[in-house]
Amino acid sequence: GKERLAARIHAVSPRRDMPLLSCHCAALAPEHQEAELCGYQKGSFLGASQTRKGIFEQANLGTLFLDAVESLTLSAQRALLRLIQRQEVLRMGADEPVNVDVRVIASSAADLEDFVEKGRFLPELLARLEVSSLRIPPLRERREDIIPLAEHVLRRYAAERQGEGIKRISYPALELLTRYY
């Protein structure tokens, strides 16, 4: 749901015709996070056989959705903070920065304020990311959404299969879904 919400925000914004990129931060190897965010020049490290734009530069003039932002290392958080503050990217191994204009939408399943207290998240970065904050309660806190969501998923599944397969969700199955949490 978080990525869909980010896509919706992007779609109704003046940036809608520009790139919308998503980055699942938890999927990035810690030692590659900065290179993924900022990019790198050919020869800047062993294995850098070509110049590569980072995701920030690729999202220029558009929107970048960072999912699981709490997964970034402190070093990558510092790089992200610099990117947001200066609105410029300095690729690893480059001499000159590149100006960027990117809307950042970040999400976290973790309590970032708790991470700040434990020294695992930069308070300055949290302040920059919390310009506008939305809390999407988990389904266990909004059980009334479970049945419409299940029916929506079923309709999409049926459409993908041209009506073949499951036609409806039985009452006992719906009851089980709503009691699951």
# chains A, B, ... in the order shown; residues from 1 in each chain; ligands from 1

$ residues_around --residues "segment 78-92 of chain A" --least-positions-apart "3" --cutoff "7 Å" --atoms "only C-alpha atoms" --output "JSON list (two decimals) with N, CA and C atoms, in the first residue's frame"
[["chain", "number", "residue", "atom", "x", "y", "z"],
["A", 34, "GLU", "N", 25.36, 3.92, -0.59],
["A", 34, "GLU", "CA", 25.73, 5.25, -1.08],
["A", 34, "GLU", "C", 25.89, 5.27, -2.59],
["A", 35, "ALA", "N", 26.49, 4.23, -3.15],
["A", 35, "ALA", "CA", 26.66, 4.15, -4.61],
["A", 35, "ALA", "C", 25.30, 4.10, -5.29],
["A", 38, "CYS", "N", 23.84, 7.79, -4.86],
["A", 38, "CYS", "CA", 24.60, 8.87, -5.50],
["A", 38, "CYS", "C", 25.16, 8.55, -6.87],
["A", 39, "GLY", "N", 25.35, 7.27, -7.16],
["A", 39, "GLY", "CA", 26.00, 6.89, -8.41],
["A", 39, "GLY", "C", 27.51, 6.91, -8.25],
["A", 40, "TYR", "N", 28.21, 6.62, -9.35],
["A", 40, "TYR", "CA", 29.66, 6.57, -9.29],
["A", 40, "TYR", "C", 30.26, 6.77, -10.68],
["A", 41, "GLN", "N", 31.52, 7.19, -10.67],
["A", 41, "GLN", "CA", 32.27, 7.37, -11.90],
["A", 41, "GLN", "C", 33.04, 6.09, -12.21],
["A", 44, "SER", "N", 36.06, 4.52, -10.01],
["A", 44, "SER", "CA", 36.08, 5.09, -8.66],
["A", 44, "SER", "C", 36.29, 4.03, -7.58],
["A", 57, "GLU", "N", 19.78, 10.88, -8.98],
["A", 57, "GLU", "CA", 19.96, 11.58, -10.25],
["A", 57, "GLU", "C", 18.97, 11.07, -11.29],
["A", 74, "LEU", "N", 24.17, 4.50, 8.75],
["A", 74, "LEU", "CA", 24.36, 5.90, 9.15],
["A", 74, "LEU", "C", 25.12, 6.66, 8.07],
["A", 75, "SER", "N", 26.06, 6.02, 7.43],
["A", 75, "SER", "CA", 26.81, 6.66, 6.36],
["A", 75, "SER", "C", 25.90, 7.00, 5.18],
["A", 96, "GLU", "N", 32.79, 17.13, -9.80],
["A", 96, "GLU", "CA", 31.75, 18.15, -9.85],
["A", 96, "GLU", "C", 30.39, 17.58, -9.48],
["A", 97, "PRO", "N", 29.63, 18.28, -8.64],
["A", 97, "PRO", "CA", 28.27, 17.81, -8.30],
["A", 97, "PRO", "C", 27.30, 18.09, -9.45],
["A", 98, "VAL", "N", 26.21, 17.36, -9.42],
["A", 98, "VAL", "CA", 25.12, 17.53, -10.38],
["A", 98, "VAL", "C", 23.90, 18.01, -9.60],
["A", 99, "ASN", "N", 23.29, 19.11, -10.04],
["A", 99, "ASN", "CA", 22.09, 19.62, -9.38],
["A", 99, "ASN", "C", 20.91, 18.70, -9.65],
["A", 100, "VAL", "N", 20.11, 18.46, -8.62],
["A", 100, "VAL", "CA", 18.92, 17.64, -8.76],
["A", 100, "VAL", "C", 17.77, 18.29, -8.02],
["A", 101, "ASP", "N", 16.58, 18.02, -8.49],
["A", 101, "ASP", "CA", 15.36, 18.48, -7.85],
["A", 101, "ASP", "C", 14.45, 17.26, -7.74],
["A", 125, "LEU", "N", 18.04, 14.01, 9.65],
["A", 125, "LEU", "CA", 17.38, 13.39, 8.50],
["A", 125, "LEU", "C", 15.91, 13.17, 8.79]]

$ residues_around --residues "segment 111-117 of chain A" --least-positions-apart "3" --cutoff "12 Å" --atoms "only C-alpha atoms" --output "list in words"
Ala68, Val69, Glu70, Ser71, Leu72, Thr73, Leu74, Gln77, Ala106, Ser107, Ser108, Arg120, Phe121, Leu122, Pro123, Glu124, Leu125, Leu126, Ala127, Leu129, Glu130, Ser133 and Arg135 of chain A

$ select_by_dssp --residues "segment 10-181 of chain A" --states "helix (DSSP H, G or I)" --output "number ranges by chain"
A: 10-11, 25-27, 30-38, 55-58, 69-71, 74-86, 112-117, 123-129, 139-141, 143-160, 171-179

$ write_last_selection --atoms "C-alpha atoms" --output "mmCIF file, in the first residue's frame"
data_model
loop_
_atom_site.group_PDB
_atom_site.id
_atom_site.type_symbol
_atom_site.label_atom_id
_atom_site.label_comp_id
_atom_site.auth_asym_id
_atom_site.auth_seq_id
_atom_site.Cartn_x
_atom_site.Cartn_y
_atom_site.Cartn_z
ATOM 1 C CA HIS A 10 3.138 11.566 -7.608
ATOM 2 C CA ALA A 11 0.251 11.156 -10.079
ATOM 3 C CA CYS A 25 16.394 0.318 1.045
ATOM 4 C CA ALA A 26 16.403 -2.996 2.922
ATOM 5 C CA ALA A 27 17.255 -4.786 -0.335
ATOM 6 C CA PRO A 30 24.984 -1.899 3.205
ATOM 7 C CA GLU A 31 28.298 -1.411 1.387
ATOM 8 C CA HIS A 32 26.486 -0.344 -1.826
ATOM 9 C CA GLN A 33 23.855 2.019 -0.412
ATOM 10 C CA GLU A 34 25.730 5.251 -1.078
ATOM 11 C CA ALA A 35 26.659 4.155 -4.608
ATOM 12 C CA GLU A 36 22.997 3.316 -5.284
ATOM 13 C CA LEU A 37 21.833 6.710 -3.998
ATOM 14 C CA CYS A 38 24.596 8.873 -5.496
ATOM 15 C CA ILE A 55 18.771 6.658 -8.122
ATOM 16 C CA PHE A 56 18.616 10.290 -6.960
ATOM 17 C CA GLU A 57 19.963 11.579 -10.252
ATOM 18 C CA GLN A 58 17.699 9.199 -12.198
ATOM 19 C CA VAL A 69 14.391 4.003 5.014
ATOM 20 C CA GLU A 70 15.355 2.793 8.506
ATOM 21 C CA SER A 71 17.504 0.146 6.763
ATOM 22 C CA LEU A 74 24.357 5.899 9.146
ATOM 23 C CA SER A 75 26.813 6.659 6.359
ATOM 24 C CA ALA A 76 24.087 6.328 3.710
ATOM 25 C CA GLN A 77 21.779 8.435 5.891
ATOM 26 C CA ARG A 78 24.419 11.176 5.939
ATOM 27 C CA ALA A 79 24.659 10.994 2.144
ATOM 28 C CA LEU A 80 20.859 11.158 1.844
ATOM 29 C CA LEU A 81 20.748 14.154 4.188
ATOM 30 C CA ARG A 82 23.366 15.945 2.042
ATOM 31 C CA LEU A 83 21.390 15.118 -1.116
ATOM 32 C CA ILE A 84 18.206 16.572 0.348
ATOM 33 C CA GLN A 85 19.851 19.657 1.879
ATOM 34 C CA ARG A 86 22.079 20.647 -1.022
ATOM 35 C CA LEU A 112 12.042 6.322 13.571
ATOM 36 C CA GLU A 113 11.929 8.429 16.719
ATOM 37 C CA ASP A 114 12.883 5.300 18.665
ATOM 38 C CA PHE A 115 15.687 4.684 16.158
ATOM 39 C CA VAL A 116 16.895 8.268 16.730
ATOM 40 C CA GLU A 117 16.929 7.712 20.507
ATOM 41 C CA PRO A 123 17.724 13.245 13.911
ATOM 42 C CA GLU A 124 18.473 15.830 11.191
ATOM 43 C CA LEU A 125 17.384 13.388 8.498
ATOM 44 C CA LEU A 126 14.190 12.556 10.368
ATOM 45 C CA ALA A 127 13.423 16.286 10.619
ATOM 46 C CA ARG A 128 13.957 16.687 6.846
ATOM 47 C CA LEU A 129 11.769 13.683 6.023
ATOM 48 C CA LEU A 139 -4.884 -3.896 8.664
ATOM 49 C CA ARG A 140 -5.183 -5.293 12.202
ATOM 50 C CA GLU A 141 -6.208 -1.759 13.259
ATOM 51 C CA ARG A 143 -10.457 -4.687 10.063
ATOM 52 C CA GLU A 144 -13.311 -3.051 8.143
ATOM 53 C CA ASP A 145 -10.921 -2.741 5.188
ATOM 54 C CA ILE A 146 -10.022 -6.436 5.041
ATOM 55 C CA ILE A 147 -13.085 -7.669 3.130
ATOM 56 C CA PRO A 148 -13.085 -4.875 0.493
ATOM 57 C CA LEU A 149 -9.331 -5.365 0.068
ATOM 58 C CA ALA A 150 -9.723 -9.154 -0.333
ATOM 59 C CA GLU A 151 -12.490 -8.615 -2.894
ATOM 60 C CA HIS A 152 -10.333 -6.115 -4.779
ATOM 61 C CA VAL A 153 -7.454 -8.592 -4.906
ATOM 62 C CA LEU A 154 -9.832 -11.304 -6.142
ATOM 63 C CA ARG A 155 -11.158 -9.021 -8.920
ATOM 64 C CA ARG A 156 -7.607 -8.242 -10.057
ATOM 65 C CA TYR A 157 -6.687 -11.926 -9.938
ATOM 66 C CA ALA A 158 -9.766 -12.855 -11.981
ATOM 67 C CA ALA A 159 -9.059 -10.102 -14.533
ATOM 68 C CA GLU A 160 -5.478 -11.334 -14.992
ATOM 69 C CA TYR A 171 -18.025 -16.484 4.021
ATOM 70 C CA PRO A 172 -15.889 -18.770 6.265
ATOM 71 C CA ALA A 173 -12.753 -17.621 4.412
ATOM 72 C CA LEU A 174 -13.708 -13.956 4.872
ATOM 73 C CA GLU A 175 -14.411 -14.606 8.541
ATOM 74 C CA LEU A 176 -11.003 -16.256 8.901
ATOM 75 C CA LEU A 177 -9.287 -13.277 7.225
ATOM 76 C CA THR A 178 -10.931 -10.765 9.566
ATOM 77 C CA ARG A 179 -10.018 -12.828 12.641
#

$ select_by_dssp --residues "segment 48-149 of chain A" --states "strand (DSSP E)" --output "MDAnalysis selection string"
chainID A and resid 52:53 63:67 88:89 98:99 103:106

$ write_last_selection --atoms "all heavy atoms" --output "short mmCIF file (atom, residue, chain, number, x, y, z; two decimals), in the first residue's frame"
data_model
loop_
_atom_site.label_atom_id
_atom_site.label_comp_id
_atom_site.auth_asym_id
_atom_site.auth_seq_id
_atom_site.Cartn_x
_atom_site.Cartn_y
_atom_site.Cartn_z
N ARG A 52 27.86 5.38 -13.62
CA ARG A 52 26.45 5.05 -13.38
C ARG A 52 25.79 6.14 -12.56
O ARG A 52 26.31 6.56 -11.53
CB ARG A 52 26.34 3.73 -12.62
CG ARG A 52 24.92 3.29 -12.40
CD ARG A 52 24.89 1.88 -11.78
NE ARG A 52 23.54 1.43 -11.59
CZ ARG A 52 22.77 1.75 -10.56
NH1 ARG A 52 23.21 2.55 -9.62
NH2 ARG A 52 21.55 1.28 -10.47
N LYS A 53 24.63 6.61 -13.04
CA LYS A 53 23.83 7.56 -12.27
C LYS A 53 23.21 6.84 -11.09
O LYS A 53 22.74 5.71 -11.22
CB LYS A 53 22.69 8.14 -13.12
CG LYS A 53 23.11 9.07 -14.20
CD LYS A 53 21.87 9.59 -14.93
CE LYS A 53 22.23 10.54 -16.04
NZ LYS A 53 21.02 11.03 -16.74
N THR A 63 9.89 12.09 -8.55
CA THR A 63 9.67 11.64 -7.18
C THR A 63 10.46 10.37 -6.93
O THR A 63 10.52 9.49 -7.79
CB THR A 63 8.17 11.35 -6.95
OG1 THR A 63 7.42 12.54 -7.24
CG2 THR A 63 7.89 10.94 -5.51
N LEU A 64 11.05 10.29 -5.75
CA LEU A 64 11.77 9.09 -5.34
C LEU A 64 11.12 8.55 -4.07
O LEU A 64 11.01 9.26 -3.08
CB LEU A 64 13.24 9.41 -5.06
CG LEU A 64 14.10 8.28 -4.51
CD1 LEU A 64 14.11 7.08 -5.45
CD2 LEU A 64 15.52 8.77 -4.26
N PHE A 65 10.64 7.31 -4.14
CA PHE A 65 10.04 6.65 -2.98
C PHE A 65 11.08 5.74 -2.35
O PHE A 65 11.58 4.81 -3.00
CB PHE A 65 8.80 5.85 -3.41
CG PHE A 65 8.22 5.03 -2.29
CD1 PHE A 65 7.78 5.63 -1.12
CD2 PHE A 65 8.10 3.66 -2.40
CE1 PHE A 65 7.25 4.88 -0.09
CE2 PHE A 65 7.56 2.90 -1.39
CZ PHE A 65 7.14 3.51 -0.22
N LEU A 66 11.44 6.04 -1.11
CA LEU A 66 12.40 5.23 -0.36
C LEU A 66 11.63 4.42 0.67
O LEU A 66 11.14 4.95 1.67
CB LEU A 66 13.42 6.13 0.34
CG LEU A 66 14.31 6.97 -0.57
CD1 LEU A 66 15.16 7.92 0.26
CD2 LEU A 66 15.18 6.08 -1.44
N ASP A 67 11.52 3.13 0.42
CA ASP A 67 10.81 2.23 1.34
C ASP A 67 11.83 1.65 2.32
O ASP A 67 12.98 1.40 1.97
CB ASP A 67 10.14 1.11 0.55
CG ASP A 67 9.14 0.33 1.39
OD1 ASP A 67 8.79 0.78 2.51
OD2 ASP A 67 8.69 -0.73 0.92
N GLU A 88 21.95 18.42 -4.60
CA GLU A 88 22.96 18.08 -5.58
C GLU A 88 23.54 16.71 -5.26
O GLU A 88 23.54 16.28 -4.11
CB GLU A 88 24.07 19.13 -5.65
CG GLU A 88 24.86 19.27 -4.38
CD GLU A 88 25.91 20.37 -4.43
OE1 GLU A 88 25.76 21.32 -5.23
OE2 GLU A 88 26.88 20.29 -3.66
N VAL A 89 23.98 16.05 -6.30
CA VAL A 89 24.56 14.71 -6.18
C VAL A 89 26.03 14.81 -6.54
O VAL A 89 26.38 15.41 -7.56
CB VAL A 89 23.86 13.73 -7.15
CG1 VAL A 89 24.58 12.40 -7.19
CG2 VAL A 89 22.41 13.54 -6.77
N VAL A 98 26.21 17.36 -9.42
CA VAL A 98 25.12 17.53 -10.38
C VAL A 98 23.90 18.01 -9.60
O VAL A 98 23.51 17.40 -8.61
CB VAL A 98 24.80 16.18 -11.08
CG1 VAL A 98 23.61 16.33 -12.01
CG2 VAL A 98 26.02 15.66 -11.82
N ASN A 99 23.29 19.11 -10.04
CA ASN A 99 22.09 19.62 -9.38
C ASN A 99 20.91 18.70 -9.65
O ASN A 99 20.74 18.22 -10.78
CB ASN A 99 21.76 21.03 -9.86
CG ASN A 99 22.78 22.05 -9.40
OD1 ASN A 99 23.38 21.91 -8.35
ND2 ASN A 99 23.00 23.06 -10.21
N ARG A 103 11.49 15.14 -5.32
CA ARG A 103 10.60 15.00 -4.16
C ARG A 103 10.89 13.64 -3.57
O ARG A 103 10.89 12.63 -4.26
CB ARG A 103 9.14 15.05 -4.57
CG ARG A 103 8.25 14.67 -3.34
CD ARG A 103 6.83 14.34 -3.68
NE ARG A 103 6.12 15.55 -4.00
CZ ARG A 103 5.40 15.72 -5.09
NH1 ARG A 103 5.27 14.77 -5.97
NH2 ARG A 103 4.78 16.84 -5.33
N VAL A 104 11.16 13.60 -2.26
CA VAL A 104 11.44 12.34 -1.58
C VAL A 104 10.23 11.97 -0.74
O VAL A 104 9.75 12.77 0.06
CB VAL A 104 12.69 12.45 -0.68
CG1 VAL A 104 12.90 11.16 0.10
CG2 VAL A 104 13.92 12.77 -1.52
N ILE A 105 9.76 10.75 -0.94
CA ILE A 105 8.73 10.17 -0.08
C ILE A 105 9.38 8.96 0.57
O ILE A 105 9.89 8.08 -0.13
CB ILE A 105 7.48 9.75 -0.88
CG1 ILE A 105 6.86 10.96 -1.58
CG2 ILE A 105 6.46 9.06 0.03
CD1 ILE A 105 5.69 10.61 -2.50
N ALA A 106 9.42 8.97 1.87
CA ALA A 106 10.08 7.87 2.59
C ALA A 106 9.06 7.16 3.46
O ALA A 106 8.13 7.77 3.99
CB ALA A 106 11.21 8.42 3.45
#

$ residues_around --residues "Lys42 of chain A" --least-positions-apart "5" --cutoff "10 Å" --atoms "only C-alpha atoms" --output "ChimeraX atom specification"
/A:47-52,92-94

$ atom_distance --atom1 "atom CA of Leu20 of chain A" --atom2 "atom CA of Lys2 of chain A"
13.7 Å
